[in-house]
Amino acid sequence: MRILLLELLEDPGKSLEMRVRPDLPSLRKEGADVPLLWEEDVRITARGAGGKKVSLSIEGAPVLQASCDRCLRPAPVRIPLDETEEVDLSRTEEERLADLDETPYLHGAELDVEEWITVLLHLNAPMKVLCREDCRGICPICGADLADGPCGCEMAPRDPRMAAALDVFTAAQEKPQN
Ligand SMILES: [Zn+2]
Ligand SMILES: [Zn+2]
């Protein structure tokens with residue numbers, strides 16, 4: 001959805017306040033689409049800040065339905081959105097692009113809500129997701145959850161190339177193979 005900010009330029013001090021449910025079912029992360037859960041509306045406020053400047057604020061907290069980086073179990077993580085930024089609408093799209101401006105979500109005097117939120121989610125999403133701090137992951141050989149104790153596999157494969165292949169194989173499997 002797009003919000004037209006034009007009226008804020010003509011009337012500084014005026015503000016637009018809205019609650020929206022973003023049309024953003026997933027976030028692309030490391031080549032995969034990770035589902036996003038929007039339990040509550042996001043609050044967006046846009047306020048004229050003098051001249052052609054507009055102050056944008058957002059509040060929300062969607063849940064990223066991620067999986068644990070070590071054991072692949074579900075590990076949902078809430079990503080807080082709590083930002084205020086000032087944008088300058090006097091610049092044309094070409095000027096912003098030439099400057100490598102980091103506001104690709106502005107199109108003329110329109111704010112693209114989903115594009116803005118996507119940028120913020122990427123900034124705020126954790127680099128690593130674990131189901132819990134001390135997750136021990138799964139055995140690369142038999143796929144057993146190491147939280148349940150040692151599985152008895154030989155943990156030092158003789159050939160390191162084989163170990164790497166097993167890692168890839170295990171990561172690609174949802175169910176352990178025996
Ligand atoms: Zn885990
Ligand atoms: Zn094992």
# chains A, B, ... in the order shown; residues from 1 in each chain; ligands from 1
>>> residues_around(residues="Leu8 of chain A", least_positions_apart="5", cutoff="8 Å", atoms="only C-alpha atoms", output="ChimeraX atom specification")
/A:13-15,46-48,54
>>> select_by_dssp(residues="segment 30-123 of chain A", states="helix (DSSP H, G or I)", output="NGL selection string")
:A and (93-98 or 113-123)
>>> write_last_selection(atoms="C-alpha atoms", output="PDB file, in the first residue's frame")
ATOM      1  CA  GLU A  93      13.843   9.893  -7.577  1.00  0.00           C
ATOM      2  CA  GLU A  94      16.794  10.301  -9.980  1.00  0.00           C
ATOM      3  CA  GLU A  95      18.705  12.448  -7.502  1.00  0.00           C
ATOM      4  CA  ARG A  96      18.145   9.943  -4.752  1.00  0.00           C
ATOM      5  CA  LEU A  97      19.257   7.040  -6.912  1.00  0.00           C
ATOM      6  CA  ALA A  98      22.380   8.914  -8.051  1.00  0.00           C
ATOM      7  CA  VAL A 113       4.604   0.916   3.222  1.00  0.00           C
ATOM      8  CA  GLU A 114       5.649  -2.662   2.439  1.00  0.00           C
ATOM      9  CA  GLU A 115       8.937  -1.582   0.866  1.00  0.00           C
ATOM     10  CA  TRP A 116       9.726   0.615   3.874  1.00  0.00           C
ATOM     11  CA  ILE A 117       8.911  -2.150   6.339  1.00  0.00           C
ATOM     12  CA  THR A 118      11.030  -4.634   4.360  1.00  0.00           C
ATOM     13  CA  VAL A 119      14.075  -2.355   4.723  1.00  0.00           C
ATOM     14  CA  LEU A 120      13.422  -1.991   8.472  1.00  0.00           C
ATOM     15  CA  LEU A 121      12.939  -5.728   8.966  1.00  0.00           C
ATOM     16  CA  HIS A 122      16.254  -6.467   7.272  1.00  0.00           C
ATOM     17  CA  LEU A 123      17.951  -3.916   9.533  1.00  0.00           C
TER      18      LEU A 123
END
>>> residues_near_ligand(ligand="ligand 2", cutoff="9 Å", atoms="only C-alpha atoms and all ligand atoms", output="PyMOL selection string")
chain A and resi 138-146+150-155
>>> select_by_dssp(residues="segment 13-151 of chain A", states="strand (DSSP E or B)", output="PyMOL selection string")
chain A and resi 15-20+26-29+32-37+42-48+53-60+63-64+67+74+77-78+81-88+106-107+110-112+138+145
>>> residues_near_ligand(ligand="ligand 1", cutoff="10 Å", atoms="only C-alpha atoms and all ligand atoms", output="PyMOL selection string")
chain A and resi 67-75+129-138+145-147
>>> residues_around(residues="Glu17 of chain A", least_positions_apart="6", cutoff="12 Å", atoms="only C-alpha atoms", output="PyMOL selection string")
chain A and resi 3+5+8+42-48+55-59
>>> residues_around(residues="Val34 of chain A", least_positions_apart="2", cutoff="10 Å", atoms="only C-alpha atoms", output="count of residues only")
14
>>> residues_around(residues="Glu39 of chain A", least_positions_apart="2", cutoff="8 Å", atoms="only C-alpha atoms", output="list in words")
Leu37, Asp41, Pro62 and Val63 of chain A
>>> closest_residue(among="A:Asp112, A:Leu4, A:Asn124, A:Leu9", to="Asp23 of chain A", atoms="only C-alpha atoms")
A:Asp112
